[in-house]
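Reproduced below: structure_14.tsv, with TSV, C-alpha atoms and all ligand atoms.
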chain	number	residue	atom	x	y	z
A	10	MET	CA	-41.72	-14.08	61.44
A	11	LYS	CA	-40.88	-10.42	62.01
A	12	CYS	CA	-37.87	-9.38	64.08
A	13	THR	CA	-37.96	-5.89	65.60
A	14	THR	CA	-35.10	-4.23	67.48
A	15	LEU	CA	-36.22	-2.68	70.79
A	16	PHE	CA	-32.77	-1.54	71.92
A	17	HIS	CA	-29.33	-1.63	70.34
A	18	ARG	CA	-25.98	-0.51	71.67
A	19	GLU	CA	-22.95	-2.24	70.16
A	20	ASP	CA	-23.27	-5.97	70.93
A	21	TYR	CA	-26.13	-5.42	73.39
A	22	ARG	CA	-29.62	-5.81	71.90
A	23	TRP	CA	-33.23	-6.44	72.78
A	24	LEU	CA	-35.19	-8.10	69.96
A	25	ALA	CA	-38.86	-9.01	69.59
A	26	PHE	CA	-40.04	-11.75	67.23
A	27	GLY	CA	-43.71	-11.94	66.29
A	28	GLN	CA	-46.54	-11.98	63.79
A	29	ASP	CA	-45.55	-15.32	62.33
A	30	PRO	CA	-47.47	-15.67	59.02
A	31	SER	CA	-47.48	-19.50	59.30
A	32	ARG	CA	-49.29	-19.46	62.67
A	33	PRO	CA	-52.49	-21.53	62.61
A	34	ASP	CA	-55.63	-19.47	63.35
A	35	ASN	CA	-56.53	-21.48	66.44
A	36	VAL	CA	-53.44	-20.49	68.45
A	37	ILE	CA	-52.82	-17.04	69.91
A	38	ASP	CA	-50.23	-14.81	68.29
A	39	THR	CA	-47.22	-14.36	70.60
A	40	ASN	CA	-44.16	-12.15	70.80
A	41	GLN	CA	-40.91	-13.89	71.66
A	42	VAL	CA	-38.47	-11.44	73.21
A	43	VAL	CA	-34.72	-11.99	73.22
A	44	VAL	CA	-31.89	-10.21	75.04
A	45	VAL	CA	-28.43	-10.42	73.48
A	46	SER	CA	-25.39	-9.28	75.41
A	47	GLY	CA	-22.01	-10.12	73.89
A	48	ASN	CA	-21.86	-13.87	73.63
A	49	SER	CA	-24.89	-14.57	75.80
A	50	VAL	CA	-28.56	-14.77	74.86
A	51	MET	CA	-31.67	-14.95	77.05
A	52	LEU	CA	-35.07	-15.96	75.72
A	53	LEU	CA	-38.08	-14.35	77.42
A	54	ASP	CA	-41.29	-16.38	77.05
A	55	PRO	CA	-40.04	-18.36	74.02
A	56	GLY	CA	-43.55	-19.54	73.19
A	57	GLY	CA	-45.62	-22.60	72.45
A	58	MET	CA	-44.31	-25.73	70.77
A	59	GLU	CA	-46.06	-24.79	67.50
A	60	VAL	CA	-44.05	-21.57	67.18
A	61	PHE	CA	-40.70	-23.29	67.72
A	62	PRO	CA	-39.81	-24.02	64.04
A	63	PRO	CA	-40.42	-20.46	62.69
A	64	MET	CA	-38.90	-18.95	65.86
A	65	MET	CA	-35.74	-21.05	65.46
A	66	ALA	CA	-35.46	-20.01	61.82
A	67	ALA	CA	-35.89	-16.29	62.66
A	68	LEU	CA	-33.67	-16.39	65.75
A	69	THR	CA	-30.74	-18.09	64.07
A	70	ARG	CA	-30.55	-15.22	61.58
A	71	GLU	CA	-29.60	-13.04	64.60
A	72	VAL	CA	-27.71	-15.25	67.10
A	73	ARG	CA	-26.08	-18.67	67.36
A	74	ILE	CA	-27.99	-21.36	69.20
A	75	ASP	CA	-24.96	-22.18	71.36
A	76	GLN	CA	-25.14	-18.61	72.75
A	77	ILE	CA	-28.54	-19.24	74.39
A	78	LYS	CA	-27.57	-19.56	78.04
A	79	HIS	CA	-30.80	-18.44	79.76
A	80	VAL	CA	-34.54	-18.90	79.31
A	81	PHE	CA	-37.16	-17.05	81.38
A	82	PHE	CA	-40.81	-17.98	81.82
A	83	SER	CA	-43.10	-15.25	83.13
A	84	HIS	CA	-45.69	-17.82	84.20
A	85	GLN	CA	-46.90	-21.35	83.49
A	86	ASP	CA	-49.13	-20.96	80.44
A	87	PRO	CA	-48.55	-23.22	77.40
A	88	ASP	CA	-48.22	-20.21	75.06
A	89	VAL	CA	-45.25	-19.23	77.25
A	90	CYS	CA	-43.39	-22.44	77.91
A	91	SER	CA	-44.62	-25.55	76.07
A	92	SER	CA	-41.63	-25.21	73.70
A	93	LEU	CA	-39.20	-25.87	76.57
A	94	PRO	CA	-38.34	-29.49	75.66
A	95	LEU	CA	-37.66	-28.47	72.05
A	96	TRP	CA	-35.31	-25.64	73.07
A	97	ARG	CA	-33.50	-27.97	75.44
A	98	GLN	CA	-32.83	-30.37	72.59
A	99	VAL	CA	-30.87	-27.73	70.65
A	100	CYS	CA	-29.50	-25.30	73.28
A	101	PRO	CA	-26.42	-25.81	75.50
A	102	GLY	CA	-26.92	-28.44	78.22
A	103	ASP	CA	-26.10	-25.95	81.00
A	104	MET	CA	-28.74	-23.40	79.85
A	105	LYS	CA	-30.47	-21.89	82.90
A	106	VAL	CA	-34.27	-22.09	82.91
A	107	TYR	CA	-35.91	-19.51	85.22
A	108	VAL	CA	-39.40	-20.46	86.35
A	109	PRO	CA	-41.73	-19.00	89.02
A	110	TRP	CA	-41.07	-21.18	92.09
A	111	MET	CA	-44.72	-22.09	92.48
A	112	TRP	CA	-45.01	-23.35	88.89
A	113	ALA	CA	-41.82	-25.46	88.75
A	114	GLY	CA	-43.68	-28.72	89.40
A	115	PHE	CA	-46.30	-27.81	86.79
A	116	VAL	CA	-43.88	-26.70	84.07
A	117	SER	CA	-42.11	-30.04	84.58
A	118	HIS	CA	-45.15	-31.64	82.92
A	119	PHE	CA	-43.84	-30.12	79.67
A	120	ASP	CA	-40.32	-31.41	80.26
A	121	ARG	CA	-39.73	-33.61	83.28
A	122	ASP	CA	-35.94	-33.76	82.75
A	123	ALA	CA	-35.39	-29.98	82.77
A	124	ARG	CA	-33.44	-28.58	85.71
A	125	LEU	CA	-35.30	-25.44	86.72
A	126	GLU	CA	-34.07	-22.31	88.53
A	127	LYS	CA	-36.92	-21.30	90.84
A	128	ILE	CA	-37.59	-17.55	90.98
A	129	PRO	CA	-38.48	-16.50	94.55
A	130	ASP	CA	-41.56	-14.37	95.26
A	131	GLU	CA	-39.58	-11.12	95.41
A	132	GLY	CA	-37.86	-11.75	92.05
A	133	MET	CA	-34.11	-11.86	91.39
A	134	ASP	CA	-31.33	-10.30	89.33
A	135	VAL	CA	-29.60	-12.05	86.44
A	136	THR	CA	-26.27	-10.84	85.10
A	137	MET	CA	-25.54	-11.74	81.51
A	138	GLY	CA	-22.51	-10.16	79.85
A	139	ASP	CA	-22.99	-6.39	80.25
A	140	ALA	CA	-26.71	-6.78	80.94
A	141	ARG	CA	-28.03	-6.61	84.49
A	142	LEU	CA	-31.58	-7.90	84.21
A	143	ARG	CA	-34.08	-7.54	87.04
A	144	ILE	CA	-36.80	-10.16	87.29
A	145	LEU	CA	-39.65	-8.24	88.96
A	146	PRO	CA	-42.70	-9.71	90.70
A	147	ALA	CA	-46.00	-9.22	88.85
A	148	HIS	CA	-48.10	-11.70	90.82
A	149	TYR	CA	-51.79	-12.17	89.93
A	150	LEU	CA	-51.24	-10.37	86.59
A	151	HIS	CA	-52.63	-12.70	85.49
A	152	SER	CA	-51.05	-15.76	87.09
A	153	PRO	CA	-50.66	-15.98	90.89
A	154	GLY	CA	-46.93	-16.57	90.38
A	155	ASN	CA	-45.96	-14.11	87.64
A	156	TYR	CA	-42.85	-12.05	86.78
A	157	HIS	CA	-41.64	-9.41	84.32
A	158	VAL	CA	-38.09	-8.51	83.24
A	159	TYR	CA	-36.69	-4.98	83.46
A	160	ASP	CA	-33.40	-3.76	82.05
A	161	PRO	CA	-32.35	-0.43	83.62
A	162	ALA	CA	-29.62	0.16	81.00
A	163	ALA	CA	-31.83	-0.46	77.96
A	164	LYS	CA	-34.92	0.95	79.75
A	165	VAL	CA	-37.01	-1.92	78.41
A	166	LEU	CA	-39.69	-3.74	80.41
A	167	PHE	CA	-40.89	-7.13	79.20
A	168	SER	CA	-44.38	-7.25	80.68
A	169	GLY	CA	-45.69	-10.73	79.85
A	170	ASP	CA	-49.47	-10.70	79.49
A	171	VAL	CA	-49.77	-7.14	80.86
A	172	GLY	CA	-50.27	-4.88	77.86
A	173	ALA	CA	-51.27	-7.85	75.71
A	174	ALA	CA	-53.55	-7.24	72.75
A	175	LEU	CA	-55.32	-9.58	70.39
A	176	VAL	CA	-54.96	-7.74	67.10
A	177	PRO	CA	-56.90	-9.25	64.17
A	178	PRO	CA	-54.73	-9.84	61.07
A	179	GLN	CA	-56.70	-7.29	59.01
A	180	SER	CA	-55.85	-4.56	61.56
A	181	ARG	CA	-52.11	-5.28	61.52
A	182	ARG	CA	-49.63	-2.85	60.07
A	183	ASP	CA	-46.04	-3.42	59.15
A	184	SER	CA	-44.71	-2.38	62.53
A	185	LEU	CA	-44.73	-4.29	65.83
A	186	PHE	CA	-45.09	-0.94	67.66
A	187	VAL	CA	-48.36	0.70	68.69
A	188	HIS	CA	-49.15	3.37	66.12
A	189	ASP	CA	-52.28	5.02	67.54
A	190	PHE	CA	-52.94	4.30	71.23
A	191	SER	CA	-56.62	5.23	71.26
A	192	SER	CA	-57.44	2.88	68.38
A	193	HIS	CA	-55.31	0.12	69.95
A	194	VAL	CA	-57.37	0.06	73.18
A	195	GLN	CA	-60.15	-1.97	71.53
A	196	PHE	CA	-57.73	-4.90	71.12
A	197	MET	CA	-56.60	-4.85	74.77
A	198	GLU	CA	-59.77	-4.11	76.66
A	199	ALA	CA	-61.59	-7.46	76.83
A	200	PHE	CA	-58.34	-9.32	77.51
A	201	HIS	CA	-57.33	-7.15	80.47
A	202	LYS	CA	-60.83	-7.03	81.93
A	203	ARG	CA	-61.12	-10.84	81.97
A	204	TRP	CA	-57.56	-12.14	82.42
A	205	MET	CA	-56.51	-9.62	85.07
A	206	GLY	CA	-58.45	-10.38	88.23
A	207	SER	CA	-56.94	-8.37	91.05
A	208	ALA	CA	-57.20	-4.59	91.25
A	209	ARG	CA	-54.91	-4.63	94.31
A	210	ALA	CA	-52.24	-6.45	92.31
A	211	ARG	CA	-52.68	-4.05	89.40
A	212	ASP	CA	-52.31	-1.04	91.71
A	213	ALA	CA	-49.17	-2.48	93.34
A	214	TRP	CA	-47.68	-3.19	89.91
A	215	ILE	CA	-48.44	0.33	88.62
A	216	ASP	CA	-46.84	1.74	91.78
A	217	MET	CA	-43.70	-0.38	91.22
A	218	VAL	CA	-43.22	0.27	87.50
A	219	SER	CA	-44.06	3.98	87.72
A	220	ARG	CA	-40.76	4.40	89.54
A	221	LEU	CA	-38.80	2.82	86.66
A	222	GLU	CA	-37.50	4.60	83.59
A	223	ILE	CA	-39.22	2.78	80.72
A	224	ASP	CA	-38.68	3.68	77.08
A	225	VAL	CA	-40.20	0.46	75.74
A	226	LEU	CA	-42.87	-1.78	77.28
A	227	ALA	CA	-43.04	-5.09	75.42
A	228	PRO	CA	-45.93	-7.49	76.13
A	229	GLN	CA	-46.12	-11.15	75.09
A	230	HIS	CA	-49.05	-10.58	72.70
A	231	GLY	CA	-49.89	-7.81	70.28
A	232	LEU	CA	-48.07	-4.52	69.83
A	233	ILE	CA	-45.22	-2.90	71.74
A	234	PHE	CA	-45.44	0.48	73.50
A	235	ARG	CA	-42.70	3.08	73.30
A	236	GLY	CA	-42.22	6.70	74.32
A	237	ASP	CA	-45.40	8.43	75.50
A	238	ASP	CA	-47.49	5.33	74.76
A	239	VAL	CA	-45.89	3.63	77.81
A	240	LYS	CA	-47.39	6.32	80.05
A	241	ARG	CA	-50.68	6.18	78.16
A	242	PHE	CA	-50.86	2.42	78.76
A	243	LEU	CA	-50.13	2.76	82.50
A	244	GLU	CA	-52.84	5.44	82.84
A	245	TRP	CA	-55.36	3.37	80.91
A	246	PHE	CA	-54.64	0.16	82.86
A	247	SER	CA	-54.72	1.94	86.24
A	248	ALA	CA	-58.32	3.05	85.60
A	249	LEU	CA	-59.66	-0.15	84.03
A	250	ASP	CA	-62.44	-2.13	85.74
A	251	ILE	CA	-60.87	-5.64	85.83
A	252	GLY	CA	-62.09	-9.05	87.05
A	253	SER	CA	-65.03	-9.23	84.63
A	254	GLY	CA	-65.46	-13.00	85.18
A	255	LEU	CA	-67.08	-12.29	88.55
A	256	ALA	CA	-70.24	-11.16	86.77
A	257	ALA	CA	-70.83	-14.72	85.48
A	258	MET	CA	-70.51	-16.10	89.01
A	259	ARG	CA	-73.22	-13.75	90.21
A	260	ARG	CA	-75.45	-14.80	87.29
A	261	GLY	CA	-74.68	-18.48	87.94
A	262	ARG	CA	-76.30	-18.56	91.36
B	301	FE	FE	-50.94	-16.16	80.32
B	302	FE	FE	-49.87	-15.08	77.15

When written as structure tokens, how does the structure in this file appear?
Amino acid sequence: MKCTTLFHREDYRWLAFGQDPSRPDNVIDTNQVVVVSGNSVMLLDPGGMEVFPPMMAALTREVRIDQIKHVFFSHQDPDVCSSLPLWRQVCPGDMKVYVPWMWAGFVSHFDRDARLEKIPDEGMDVTMGDARLRILPAHYLHSPGNYHVYDPAAKVLFSGDVGAALVPPQSRRDSLFVHDFSSHVQFMEAFHKRWMGSARARDAWIDMVSRLEIDVLAPQHGLIFRGDDVKRFLEWFSALDIGSGLAAMRRGR
């Protein structure tokens, strides 16, 4: 599994792990993002249970398992959080697990013994060493209880399924970063049209994040945007016709 540095200043780092070569073809490729600040580590969307062994192997080359003090789940999907019981077996017993309040009872189906920190609708701040992380609301994008994580010091936004792309293996390059935005659109378009259902939510999210300084926008699937590609993505998403599933409902009558 590849490990890419998104931000690095002394002992303060943002890392993205992805493109695991051992991933079976029938599960979606995911990026596992990790914030390291001093002696503390936070996992953002640590992934499905199938990705746990390669993720553990790649992660422990960078940090110690006993440093993992926080885990964040952007929403309830299995590709986001079905690895929870496995992480809890190896991580410190007092590790904090942040879950959208409305999904806490559902995520407990993966791990009924986990003690969950419920994120309120408006989000919350988490301080971890020198890092001041802001959990921002991103409801209905795509889940009705959905959050992203912004770091104003690193200027990184972890955007969950927003910005996600399904990139076929033959189109992958060495880098986890978007290389050519216009040719990358083909891998994002169908996903955003179908998985993102609310134009009002999209517009509110664009309005919120446009006021943030973002050098790197890291989604949970596909490639990562940096520099001018962040702006290109926001412009593209703001104009996209989303909610494509509605067409089938009209046909189904
Ligand atoms: Fe999802
Ligand atoms: Fe996802």

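Every protein, DNA or RNA residue with an atom at most 12 Å from A:Lys240, where all atoms listed in the file count and chain neighbours fewer than 2 positions away do not, is listed here: A:Gly172, A:Phe190, A:Ile215, A:Val218, A:Ser219, A:Arg220, A:Leu221, A:Glu222, A:Ile223, A:Asp224, A:Val225, A:Leu226, A:Phe234, A:Arg235, A:Gly236, A:Asp237, A:Asp238, A:Phe242, A:Leu243, A:Glu244, A:Trp245, A:Phe246, A:Ser247.
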
Nearest to A:Asn40, chosen from A:Ile77, A:Ala199, A:Met258, A:Val89, with only C-alpha atoms counted in the distances: A:Val89

Nearest residue to ligand FE 302 (chain B) from the set A:Arg124, A:Arg18, A:His230, A:His157 (distances using all atoms listed in the file): A:His230

Residues within 12 Å of (-37.7, -24.5, 63.4), counting all atoms listed in the file, listed as a PyMOL selection string: chain A and resi 10+31+58-70+74+92+95-96+98-99

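Residue neighbourhood of A:Ser180, excluding near-sequence residues (fewer than 6 positions): Ala174, Val187, His188, Asp189, Ser192, His193, Gln195, Phe196, Gly231 and Leu232 of chain A, at 12 Å, using all atoms listed in the file.
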
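Considering the residues A:Leu150, A:Leu185, A:Leu249, A:Met104 and counting only C-alpha atoms, A:Trp204 has its shortest atom-to-atom contact with A:Leu150.
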
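In this model, the gap between atom CA of A:Phe26 and atom CA of A:Ala210 comes to 28.4 Å.
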
Residue nearest A:Asp54 - candidates A:Ala140, A:Val158, A:Val135, A:Met197, atoms counted: all atoms listed in the file: A:Val158

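The space between atom CA of A:Arg141 and atom CA of A:Lys127 spans 18.3 Å.
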
Which chain A residues have any atom within 7 Å of an atom of ligand FE 301 (chain B), and for each, what is the nearest pair of atoms with distance in Å to one decimal, counting all atoms listed in the file, rows sorted by chain and number, as CSV?
residue,atom,partner,partner_atom,distance
A:His84,CA,B:FE301,FE,6.7
A:Asp86,CA,B:FE301,FE,5.1
A:His151,CA,B:FE301,FE,6.4
A:Ser152,CA,B:FE301,FE,6.8
A:Asp170,CA,B:FE301,FE,5.7

Contact residues around A:Phe200 with all atoms listed in the file at 8 Å, ignoring same-chain residues under 5 positions, as number ranges by chain: A: 173-175, 205

Shortest interatomic distance to ligand FE 302 (chain B) - which of A:Thr136, A:Ser191, A:Thr14, A:Gln41, counting all atoms listed in the file: A:Gln41

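From atom CA of A:Pro177 back to atom CA of A:Ala257, the distance works out to 26.0 Å.
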
Neighbour list for A:Val80 as a PDB file with C-alpha atoms, keeping the file's coordinate frame, cut-off 8 Å, only C-alpha atoms, skip fewer than 5 positions in-chain:
ATOM      1  CA  MET A  51     -31.670 -14.950  77.050  1.00  0.00           C
ATOM      2  CA  LEU A  52     -35.070 -15.960  75.720  1.00  0.00           C
ATOM      3  CA  LEU A  53     -38.080 -14.350  77.420  1.00  0.00           C
ATOM      4  CA  ASP A  54     -41.290 -16.380  77.050  1.00  0.00           C
ATOM      5  CA  PRO A  55     -40.040 -18.360  74.020  1.00  0.00           C
ATOM      6  CA  MET A 104     -28.740 -23.400  79.850  1.00  0.00           C
ATOM      7  CA  LYS A 105     -30.470 -21.890  82.900  1.00  0.00           C
ATOM      8  CA  VAL A 106     -34.270 -22.090  82.910  1.00  0.00           C
ATOM      9  CA  TYR A 107     -35.910 -19.510  85.220  1.00  0.00           C
TER      10      TYR A 107
END

Counting only C-alpha atoms, the option among A:Val36, A:Val116, A:Leu24, A:Ala213 closest to A:Cys12: A:Leu24

Contact residues around A:Asp134 with all atoms listed in the file at 12 Å, ignoring same-chain residues under 2 positions, as a PyMOL selection string: chain A and resi 81+107+128-129+131-132+136-137+140-146+156-161

Around all listed atoms of stretch 125-129 of chain A, padded 3 Å per side, what centre and edge lengths does the axis-aligned box have in Å to one decimal, as AutoDock Vina command-line options?
--center_x -36.3 --center_y -21.0 --center_z 90.6 --size_x 10.4 --size_y 14.9 --size_z 13.8
